[in-house]
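Asks: This is the content of target23.txt (compact mmCIF, C-alpha atoms):
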```txt
# COMPACT_ATOMS: atom_id res chain seq x y z
CA MET A 1 129.08 88.17 103.99
CA THR A 2 126.99 85.67 101.99
CA PHE A 3 123.21 85.64 102.08
CA HIS A 4 121.22 82.51 101.24
CA GLY A 5 117.60 83.22 100.39
CA TYR A 6 114.74 82.81 97.96
CA PHE A 7 113.02 85.59 96.08
CA ARG A 8 109.51 84.58 97.21
CA SER A 9 110.39 84.02 100.89
CA SER A 10 108.99 86.72 103.18
CA ALA A 11 111.74 86.10 105.72
CA SER A 12 114.40 86.56 103.01
CA TRP A 13 112.58 89.69 101.85
CA ARG A 14 112.78 91.14 105.37
CA CYS A 15 116.54 90.68 105.41
CA ARG A 16 116.90 92.21 101.94
CA ILE A 17 115.10 95.36 103.13
CA ALA A 18 117.36 95.54 106.19
CA PHE A 19 120.50 95.17 104.06
CA GLY A 20 119.22 97.95 101.81
CA LEU A 21 118.46 100.30 104.70
CA LYS A 22 121.98 99.69 106.05
CA GLY A 23 123.57 100.13 102.62
CA ILE A 24 125.07 96.62 102.64
CA SER A 25 125.20 94.27 99.64
CA PRO A 26 126.11 90.71 100.70
CA ASP A 27 126.88 88.08 98.10
CA PHE A 28 123.73 86.15 97.27
CA VAL A 29 123.16 82.42 96.84
CA PRO A 30 119.62 81.46 95.79
CA VAL A 31 117.94 78.49 97.49
CA HIS A 32 114.95 77.37 95.43
CA LEU A 33 112.36 76.38 98.04
CA ARG A 34 109.80 75.00 95.60
CA ARG A 35 112.43 72.69 94.11
CA GLY A 36 113.46 71.61 97.64
CA GLU A 37 117.02 72.94 97.50
CA GLN A 38 116.78 73.84 101.20
CA LYS A 39 116.73 70.11 101.99
CA ALA A 40 120.01 69.36 100.18
CA LYS A 41 122.83 68.10 102.39
CA GLY A 42 125.04 71.10 101.61
CA TYR A 43 122.42 73.62 102.66
CA ARG A 44 121.45 71.63 105.76
CA ALA A 45 125.09 71.80 106.86
CA LEU A 46 124.67 75.59 106.82
CA ASN A 47 121.20 75.67 108.33
CA PRO A 48 120.02 72.46 110.01
CA GLN A 49 116.48 73.83 110.03
CA ALA A 50 116.43 73.62 106.20
CA LEU A 51 114.74 77.00 105.90
CA VAL A 52 115.83 80.33 104.46
CA PRO A 53 117.34 82.78 105.15
CA ALA A 54 120.87 82.04 106.34
CA LEU A 55 123.74 84.52 106.53
CA GLU A 56 127.36 83.40 106.47
CA VAL A 57 129.44 85.94 108.36
CA ASP A 58 132.68 85.95 110.37
CA GLY A 59 133.11 82.19 110.07
CA THR A 60 129.66 81.31 111.36
CA VAL A 61 126.11 81.05 110.04
CA LEU A 62 123.24 83.15 111.33
CA THR A 63 119.66 82.01 110.84
CA GLN A 64 116.15 83.33 111.58
CA SER A 65 115.36 86.63 109.90
CA LEU A 66 114.67 88.65 113.07
CA ALA A 67 117.89 87.43 114.70
CA ILE A 68 119.83 88.31 111.55
CA ILE A 69 118.27 91.78 111.43
CA GLU A 70 118.97 92.49 115.12
CA TRP A 71 122.59 91.33 114.60
CA LEU A 72 122.84 93.67 111.63
CA ASP A 73 121.43 96.52 113.71
CA GLU A 74 123.89 95.88 116.55
CA THR A 75 126.93 95.66 114.27
CA HIS A 76 125.92 98.37 111.76
CA PRO A 77 124.04 100.85 113.97
CA THR A 78 123.33 103.52 111.33
CA PRO A 79 120.51 104.04 110.52
CA PRO A 80 118.94 102.34 113.56
CA LEU A 81 116.16 99.83 112.93
CA LEU A 82 114.74 100.05 116.46
CA PRO A 83 113.88 103.02 118.71
CA ARG A 84 116.47 103.92 121.34
CA ASP A 85 114.27 103.71 124.43
CA PRO A 86 113.40 100.27 125.83
CA LEU A 87 109.61 100.82 125.72
CA GLY A 88 109.79 101.98 122.12
CA ARG A 89 111.95 98.99 121.24
CA ALA A 90 109.46 96.66 122.94
CA HIS A 91 106.55 98.12 120.96
CA ALA A 92 108.44 97.87 117.66
CA ARG A 93 109.53 94.30 118.38
CA ALA A 94 105.98 93.34 119.38
CA PHE A 95 104.62 94.72 116.10
CA ALA A 96 107.22 92.71 114.19
CA GLN A 97 106.49 89.59 116.22
CA VAL A 98 102.74 89.76 115.62
CA ILE A 99 103.74 89.20 112.00
CA ALA A 100 106.75 86.93 112.44
CA CYS A 101 105.28 84.72 115.18
CA ASP A 102 101.51 84.85 114.77
CA ILE A 103 100.83 85.37 111.06
CA HIS A 104 103.64 84.32 108.78
CA PRO A 105 104.38 80.86 110.27
CA LEU A 106 100.81 79.78 109.52
CA GLN A 107 100.85 80.65 105.85
CA ASN A 108 104.25 79.66 104.59
CA LEU A 109 104.93 77.08 101.91
CA ARG A 110 105.61 74.03 104.10
CA VAL A 111 102.38 74.54 106.08
CA LEU A 112 100.21 75.00 103.00
CA ARG A 113 101.72 71.86 101.50
CA TYR A 114 100.76 69.89 104.62
CA LEU A 115 97.19 71.20 104.60
CA LYS A 116 96.85 70.24 100.93
CA ALA A 117 98.46 66.81 101.17
CA ARG A 118 97.19 65.58 104.55
CA PHE A 119 93.96 67.49 105.10
CA GLY A 120 92.88 67.57 101.45
CA GLN A 121 92.50 71.33 101.23
CA ASP A 122 92.11 72.94 97.78
CA GLN A 123 93.28 76.47 96.95
CA ASP A 124 90.05 77.99 98.30
CA GLY A 125 90.54 76.19 101.61
CA LEU A 126 94.16 77.31 101.79
CA ASP A 127 93.29 80.92 100.98
CA ALA A 128 90.56 80.96 103.64
CA TRP A 129 93.00 79.48 106.21
CA CYS A 130 95.58 82.16 105.40
CA ARG A 131 93.08 85.02 105.52
CA HIS A 132 91.77 83.69 108.86
CA TRP A 133 95.21 84.28 110.46
CA ILE A 134 96.35 87.32 108.51
CA GLU A 135 93.22 89.40 109.14
CA PRO A 136 93.30 89.51 112.97
CA GLY A 137 97.08 89.88 112.93
CA LEU A 138 96.95 92.92 110.68
CA ALA A 139 94.02 94.29 112.71
CA ALA A 140 96.23 94.06 115.80
CA CYS A 141 99.06 95.85 113.95
CA GLU A 142 96.63 98.58 112.86
CA ALA A 143 95.54 98.99 116.50
CA LEU A 144 99.15 99.08 117.71
CA LEU A 145 99.80 101.98 115.34
CA ALA A 146 96.73 103.81 116.61
CA GLY A 147 98.05 103.66 120.17
CA GLY A 148 101.37 105.30 119.43
CA PRO A 149 102.45 108.87 118.77
CA GLU A 150 101.88 110.32 115.31
CA ALA A 151 105.00 109.81 113.23
CA ALA A 152 105.92 109.34 109.59
CA PHE A 153 106.68 105.67 110.19
CA ALA A 154 105.40 103.13 112.71
CA PHE A 155 107.80 103.92 115.52
CA GLY A 156 109.63 107.05 114.46
CA ASP A 157 110.80 109.18 111.57
CA ALA A 158 112.36 106.35 109.62
CA PRO A 159 111.36 102.77 108.81
CA GLY A 160 112.71 99.93 110.92
CA LEU A 161 111.97 96.40 112.07
CA ALA A 162 108.19 96.95 112.07
CA GLU A 163 108.06 98.09 108.45
CA ILE A 164 110.57 95.42 107.43
CA CYS A 165 108.07 92.79 108.57
CA LEU A 166 104.94 94.62 107.46
CA VAL A 167 105.65 95.19 103.77
CA PRO A 168 106.25 91.52 102.80
CA GLN A 169 103.28 90.47 104.96
CA MET A 170 100.93 92.87 103.17
CA ALA A 171 102.10 91.55 99.81
CA SER A 172 101.34 88.07 101.07
CA ALA A 173 97.88 89.22 102.19
CA ASP A 174 97.29 90.46 98.64
CA GLY A 175 98.26 87.05 97.32
CA PHE A 176 95.67 85.30 99.47
CA GLY A 177 92.95 87.75 98.48
CA LEU A 178 92.56 89.57 101.79
CA ASP A 179 90.79 92.94 101.55
CA LEU A 180 93.18 95.51 103.04
CA ALA A 181 90.59 98.33 103.14
CA PRO A 182 90.07 97.96 106.93
CA PHE A 183 93.72 98.86 107.54
CA PRO A 184 94.18 102.47 106.41
CA ARG A 185 97.18 103.17 108.65
CA LEU A 186 98.98 100.06 107.46
CA ARG A 187 98.21 100.86 103.83
CA ALA A 188 99.55 104.40 104.19
CA LEU A 189 102.65 103.09 105.95
CA ARG A 190 103.21 100.54 103.21
CA GLY A 191 102.93 103.24 100.58
CA ARG A 192 105.54 105.40 102.30
CA CYS A 193 107.88 102.42 102.52
CA GLU A 194 107.46 101.27 98.94
CA ALA A 195 108.53 104.71 97.74
CA LEU A 196 111.96 104.15 99.32
CA PRO A 197 114.75 102.46 97.31
CA ALA A 198 115.60 99.96 100.08
CA PHE A 199 112.05 98.62 99.95
CA ALA A 200 111.61 98.86 96.18
CA ASP A 201 114.91 97.08 95.48
CA ALA A 202 114.07 94.26 97.92
CA HIS A 203 110.87 93.29 96.10
CA PRO A 204 110.83 89.64 94.96
CA SER A 205 110.43 90.65 91.31
CA LYS A 206 113.77 92.49 91.44
CA GLN A 207 115.86 89.57 92.67
CA PRO A 208 118.36 87.60 90.55
CA ASP A 209 116.42 84.36 91.16
CA ALA A 210 113.01 85.89 90.35
CA GLU A 211 110.65 83.88 88.17
CA ALA A 212 107.34 84.80 86.57
CA ASP A 213 104.34 83.77 88.70
CA MET B 214 103.94 96.02 136.92
CA THR B 215 100.94 93.80 136.13
CA PHE B 216 101.21 90.59 134.15
CA HIS B 217 98.24 89.12 132.29
CA GLY B 218 98.66 85.47 131.41
CA TYR B 219 97.30 81.96 131.54
CA PHE B 220 98.87 79.03 133.35
CA ARG B 221 98.81 76.73 130.30
CA SER B 222 100.12 79.33 127.79
CA SER B 223 103.71 78.64 126.69
CA ALA B 224 104.26 82.32 125.94
CA SER B 225 103.10 83.25 129.47
CA TRP B 226 105.34 80.51 130.86
CA ARG B 227 108.35 82.03 129.07
CA CYS B 228 107.71 85.38 130.73
CA ARG B 229 107.26 83.77 134.14
CA ILE B 230 110.69 82.14 133.85
CA ALA B 231 112.23 85.47 132.84
CA PHE B 232 110.62 87.26 135.81
CA GLY B 233 111.95 84.54 138.08
CA LEU B 234 115.49 84.76 136.68
CA LYS B 235 115.40 88.54 137.22
CA GLY B 236 113.92 88.22 140.71
CA ILE B 237 110.81 90.22 139.81
CA SER B 238 107.27 89.43 140.95
CA PRO B 239 104.68 91.40 138.97
CA ASP B 240 101.04 91.40 140.03
CA PHE B 241 99.19 88.68 138.14
CA VAL B 242 95.81 88.76 136.42
CA PRO B 243 94.69 85.43 134.95
CA VAL B 244 93.10 85.38 131.49
CA HIS B 245 91.33 82.06 130.94
CA LEU B 246 91.96 81.25 127.28
CA ARG B 247 89.72 78.17 127.13
CA ARG B 248 86.80 80.24 128.44
CA GLY B 249 87.58 82.98 125.91
CA GLU B 250 88.40 85.71 128.42
CA GLN B 251 91.07 87.04 126.02
CA LYS B 252 88.26 88.13 123.69
CA ALA B 253 86.47 90.24 126.30
CA LYS B 254 86.31 93.96 125.54
CA GLY B 255 88.33 94.89 128.62
CA TYR B 256 91.21 92.62 127.71
CA ARG B 257 91.13 93.63 124.05
CA ALA B 258 91.58 97.23 125.15
CA LEU B 259 94.84 96.11 126.75
CA ASN B 260 95.93 93.81 123.94
CA PRO B 261 94.10 94.23 120.63
CA GLN B 262 95.53 90.92 119.46
CA ALA B 263 93.43 89.14 122.11
CA LEU B 264 96.30 86.84 123.07
CA VAL B 265 98.37 86.43 126.21
CA PRO B 266 100.72 87.55 127.63
CA ALA B 267 100.43 91.30 128.19
CA LEU B 268 102.46 93.35 130.66
CA GLU B 269 101.20 96.67 132.02
CA VAL B 270 104.20 98.83 132.86
CA ASP B 271 104.99 102.55 133.04
CA GLY B 272 101.54 103.55 131.71
CA THR B 273 101.71 101.36 128.63
CA VAL B 274 101.07 97.74 127.69
CA LEU B 275 103.72 95.44 126.29
CA THR B 276 102.75 92.36 124.31
CA GLN B 277 104.51 89.42 122.63
CA SER B 278 106.57 87.29 124.97
CA LEU B 279 109.94 87.76 123.27
CA ALA B 280 109.50 91.54 123.15
CA ILE B 281 108.53 91.57 126.82
CA ILE B 282 111.57 89.46 127.74
CA GLU B 283 113.98 91.65 125.74
CA TRP B 284 112.47 94.75 127.40
CA LEU B 285 112.98 93.10 130.79
CA ASP B 286 116.58 92.29 129.90
CA GLU B 287 117.28 95.87 128.77
CA THR B 288 115.73 97.47 131.85
CA HIS B 289 116.87 94.88 134.43
CA PRO B 290 120.25 93.80 133.04
CA THR B 291 121.27 91.41 135.85
CA PRO B 292 121.50 88.49 135.25
CA PRO B 293 121.69 88.90 131.46
CA LEU B 294 119.40 86.74 129.34
CA LEU B 295 121.47 87.10 126.16
CA PRO B 296 125.21 86.82 125.49
CA ARG B 297 127.14 90.10 125.30
CA ASP B 298 128.67 89.69 121.84
CA PRO B 299 126.48 90.28 118.79
CA LEU B 300 127.16 86.87 117.22
CA GLY B 301 126.33 85.09 120.46
CA ARG B 302 123.17 87.15 120.77
CA ALA B 303 122.20 86.26 117.22
CA HIS B 304 122.66 82.54 117.87
CA ALA B 305 120.64 82.67 121.09
CA ARG B 306 117.86 84.68 119.46
CA ALA B 307 117.78 82.29 116.49
CA PHE B 308 117.43 79.31 118.83
CA ALA B 309 114.54 81.05 120.59
CA GLN B 310 112.93 82.00 117.29
CA VAL B 311 113.05 78.47 115.93
CA ILE B 312 110.66 77.73 118.79
CA ALA B 313 108.71 81.00 118.94
CA CYS B 314 108.30 81.46 115.17
CA ASP B 315 108.47 78.00 113.63
CA ILE B 316 107.10 75.57 116.21
CA HIS B 317 104.85 77.14 118.81
CA PRO B 318 102.55 79.18 116.49
CA LEU B 319 101.50 75.99 114.73
CA GLN B 320 100.40 74.10 117.81
CA ASN B 321 98.68 76.66 119.99
CA LEU B 322 95.06 76.51 121.07
CA ARG B 323 93.50 78.76 118.40
CA VAL B 324 95.15 76.78 115.58
CA LEU B 325 94.15 73.39 116.94
CA ARG B 326 90.59 74.62 117.33
CA TYR B 327 90.52 75.66 113.65
CA LEU B 328 91.89 72.31 112.49
CA LYS B 329 89.25 70.51 114.52
CA ALA B 330 86.29 72.69 113.56
CA ARG B 331 87.03 73.43 109.91
CA PHE B 332 89.19 70.53 108.75
CA GLY B 333 87.48 67.86 110.90
CA GLN B 334 90.63 66.65 112.63
CA ASP B 335 90.32 64.39 115.68
CA GLN B 336 92.85 64.29 118.52
CA ASP B 337 95.08 61.84 116.62
CA GLY B 338 95.16 64.18 113.62
CA LEU B 339 95.96 67.15 115.85
CA ASP B 340 98.72 65.29 117.68
CA ALA B 341 100.29 64.17 114.39
CA TRP B 342 100.13 67.76 113.07
CA CYS B 343 101.86 69.06 116.20
CA ARG B 344 104.55 66.39 116.19
CA HIS B 345 105.18 67.10 112.49
CA TRP B 346 106.25 70.68 113.32
CA ILE B 347 107.81 70.14 116.74
CA GLU B 348 110.14 67.31 115.68
CA PRO B 349 112.17 69.14 112.97
CA GLY B 350 112.21 72.31 115.08
CA LEU B 351 113.69 70.55 118.07
CA ALA B 352 116.09 68.68 115.76
CA ALA B 353 117.29 72.08 114.52
CA CYS B 354 117.70 73.28 118.12
CA GLU B 355 119.68 70.13 118.96
CA ALA B 356 121.95 70.81 115.96
CA LEU B 357 122.36 74.47 116.94
CA LEU B 358 123.64 73.34 120.35
CA ALA B 359 126.09 70.93 118.73
CA GLY B 360 127.64 73.76 116.73
CA GLY B 361 128.42 75.97 119.69
CA PRO B 362 131.09 75.87 122.38
CA GLU B 363 130.64 73.45 125.29
CA ALA B 364 128.93 75.26 128.15
CA ALA B 365 126.65 74.45 131.03
CA PHE B 366 123.73 76.12 129.28
CA ALA B 367 122.90 76.69 125.62
CA PHE B 368 124.82 79.92 125.15
CA GLY B 369 126.85 80.38 128.30
CA ASP B 370 127.16 79.61 131.97
CA ALA B 371 123.61 80.60 132.87
CA PRO B 372 120.20 80.08 131.28
CA GLY B 373 118.72 82.80 129.11
CA LEU B 374 116.32 83.40 126.25
CA ALA B 375 117.06 80.05 124.60
CA GLU B 376 116.23 78.00 127.69
CA ILE B 377 113.24 80.23 128.46
CA CYS B 378 111.72 79.16 125.15
CA LEU B 379 112.96 75.57 125.23
CA VAL B 380 111.54 74.35 128.53
CA PRO B 381 107.86 75.14 127.82
CA GLN B 382 108.25 73.81 124.27
CA MET B 383 109.58 70.47 125.51
CA ALA B 384 106.66 70.18 127.92
CA SER B 385 104.35 70.81 125.00
CA ALA B 386 106.14 68.13 122.97
CA ASP B 387 105.47 65.71 125.83
CA GLY B 388 101.80 66.63 125.70
CA PHE B 389 101.56 65.76 122.01
CA GLY B 390 103.35 62.45 122.50
CA LEU B 391 106.63 63.28 120.75
CA ASP B 392 109.54 60.97 121.61
CA LEU B 393 112.33 63.20 122.91
CA ALA B 394 114.99 60.45 122.87
CA PRO B 395 116.61 61.85 119.68
CA PHE B 396 117.43 65.10 121.50
CA PRO B 397 119.97 64.22 124.23
CA ARG B 398 121.48 67.71 124.43
CA LEU B 399 118.06 69.33 124.76
CA ARG B 400 116.98 66.83 127.39
CA ALA B 401 120.11 67.42 129.45
CA LEU B 402 119.65 71.17 129.13
CA ARG B 403 116.03 70.89 130.21
CA GLY B 404 117.07 68.87 133.25
CA ARG B 405 119.60 71.50 134.32
CA CYS B 406 116.98 74.22 133.95
CA GLU B 407 114.22 72.40 135.79
CA ALA B 408 116.50 72.08 138.81
CA LEU B 409 116.55 75.89 139.13
CA PRO B 410 113.89 77.69 141.22
CA ALA B 411 113.07 80.22 138.45
CA PHE B 412 112.10 77.37 136.13
CA ALA B 413 110.44 75.18 138.76
CA ASP B 414 108.32 78.05 140.09
CA ALA B 415 107.18 79.05 136.59
CA HIS B 416 105.67 75.64 135.83
CA PRO B 417 101.95 75.81 134.95
CA SER B 418 101.01 73.56 137.87
CA LYS B 419 102.43 76.13 140.31
CA GLN B 420 100.37 79.09 139.09
CA PRO B 421 97.44 80.63 141.00
CA ASP B 422 95.09 79.93 138.05
CA ALA B 423 96.24 76.29 137.63
CA GLU B 424 93.57 73.65 137.10
CA ALA B 425 93.81 69.87 137.03
CA ASP B 426 94.22 68.47 133.49
```
Turn this file's structure into structure tokens for me.

Replies:
Amino acid sequence: MTFHGYFRSSASWRCRIAFGLKGISPDFVPVHLRRGEQKAKGYRALNPQALVPALEVDGTVLTQSLAIIEWLDETHPTPPLLPRDPLGRAHARAFAQVIACDIHPLQNLRVLRYLKARFGQDQDGLDAWCRHWIEPGLAACEALLAGGPEAAFAFGDAPGLAEICLVPQMASADGFGLDLAPFPRLRALRGRCEALPAFADAHPSKQPDAEAD
Amino acid sequence: MTFHGYFRSSASWRCRIAFGLKGISPDFVPVHLRRGEQKAKGYRALNPQALVPALEVDGTVLTQSLAIIEWLDETHPTPPLLPRDPLGRAHARAFAQVIACDIHPLQNLRVLRYLKARFGQDQDGLDAWCRHWIEPGLAACEALLAGGPEAAFAFGDAPGLAEICLVPQMASADGFGLDLAPFPRLRALRGRCEALPAFADAHPSKQPDAEAD
């Protein structure tokens, strides 16, 4: 199993947490997004979308972080990353998708580059854009937690897909200067996650391709 | 089962196709996004994210179209919307997520409104922005189809999650003036889907809340 990712990529980070929770250590090939390595012919042959992550496994290539993580959960079921009951699974997936579909796509590198180059936005404009999408998304996640049963983690006694998406997203919110004070449940959840080795070891600063900011 | 959606919303459209494929007809409550009904207190109590769709079922509310569709597939397994084998499921989910995570979030109503109001973009600027994200996403989907086995539909003999996401996205591409000629596999797939009642009946123009353009 060979994992292609980038230390700063939130989607790669999600997969790293999932590998850690499952106790799996794939080989790692760094793809330097800021240097454009994802656009090289060799990488495009692996992933025609020219994005990270990609996972080579069983003679094929899996892409899209949530699809990779669900594959991992189906093929390595212990510990589970989703609740067992369909309603619980739907709530956990929805929480993850608020982040993966409605926040993260708006604030990733290729989008910020477009806003800078074509719409003339400076760093303040980019930060305001990012905060504008992150804030209501995290507010929705906070509300989704409030509606569920009390548990140590978002959807049960152990972290799963929801936390896998949340922790990198909160780090990204920090980077764009969003005040996280209005999200006490999310902050507490993040703290519980970051105390776990699978989350700590997946942090960008701990990766072989890490660079100083 | 009560479905809250909007005729023009791609995410609502996806769910409508899935209901049709499963032979289910939930009650329908329209939420008029252009009039801001999603921000009303009553709707926010259902879905704190203030987006459509939302599905009231079994005393709870499900949100996020892909989570709703996976819940539907788990609780109403016939016909299946995903392949049975984990690798096939991963490929189908990745195809869907290229659209749901990397194309659609960048071209929905709330984003276009921001670009217009804050960054001063006119319709030409908005259309160019949308085409810029739709084109490489659909190119990736076209390539994902080329890598798989020959089949009537994207990942098997019947349409599923991939087609559910593709058909509304191609309609949206039409709306933003993208030339679909470079995507012969996707166009053929769309044609096969649109001939099926579940897809035809889910079209925005057929919905009770439909309005003329």

Asks: Compute the chain B side of the contact with chain A at 9 Å, counting all atoms listed in the file, and hand it back as a count of residues only.

Replies: 51

Asks: Do you know which residues are at most 7 Å from Ile377 in chain B counting all atoms listed in the file, after dropping those on the same chain fewer than 5 positions away, and could you put them as a list of chain:residue names?

Replies: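 Those residues are B:Arg227, B:Ile230, B:Ala231.
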
Asks: Could you state the separation of CA of Tyr219 in chain B and CA of Ala367 in chain B in Å, given to one decimal place?

Replies: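 About the pair CA of Tyr219 in chain B and CA of Ala367 in chain B: they are 26.8 Å apart.
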
Asks: Measuring between all atoms listed in the file, which one of B:Ala359, B:Asp335, B:Leu264, B:Leu259 shows the shortest distance to His245 in chain B?

Replies: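 Nearest to His245 in chain B: B:Leu264.
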
Asks: Which residue, A:Gly36, A:Pro80, A:Gly5, A:Pro30, has the smallest gap to Ala158 in chain A when you use all atoms listed in the file?

Replies: A:Pro80

Asks: Quick one: everything within 8 Å of His217 in chain B, counting only C-alpha atoms, minus sequence neighbours fewer than 6 positions away in the same chain. Send it as a VMD selection string.

Replies: chain B and resid 241 to 244 265 to 268

Asks: Between CA of Arg344 in chain B and CA of Gly390 in chain B, measure the distance and give it in Å to one decimal.

Replies: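 Interatomic distance, CA of Arg344 in chain B to CA of Gly390 in chain B: 7.5 Å.
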
Asks: Looking at all atoms listed in the file, which of A:Glu56, A:Glu194, A:Asp209, A:Asp201 is the one that sits closest to Pro159 in chain A?

Replies: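 Among the listed residues, the smallest separation from Pro159 in chain A belongs to A:Glu194.
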
Asks: Set the distance at 10 Å and use only C-alpha atoms: which residues neighbour Phe7 in chain A once local chain neighbours fewer than 6 positions away are removed? I'd like the list as a PyMOL selection string.

Replies: chain A and resi 13+16+30-33+202-211

Asks: Between CA of Pro410 in chain B and CA of Pro362 in chain B, what is the distance, to one decimal in Å?

Replies: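 Spanning CA of Pro410 in chain B to CA of Pro362 in chain B is a straight-line distance of 25.6 Å.
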
Asks: Which centre and which edge lengths, in Å to one decimal, describe the axis-aligned box that holds all listed atoms of range 147-162 of chain A after 3 Å is added on each side, as lines of an AutoDock Vina configuration file?

Replies:
```
center_x = 105.4
center_y = 103.4
center_z = 114.5
size_x = 20.7
size_y = 19.9
size_z = 17.4
```
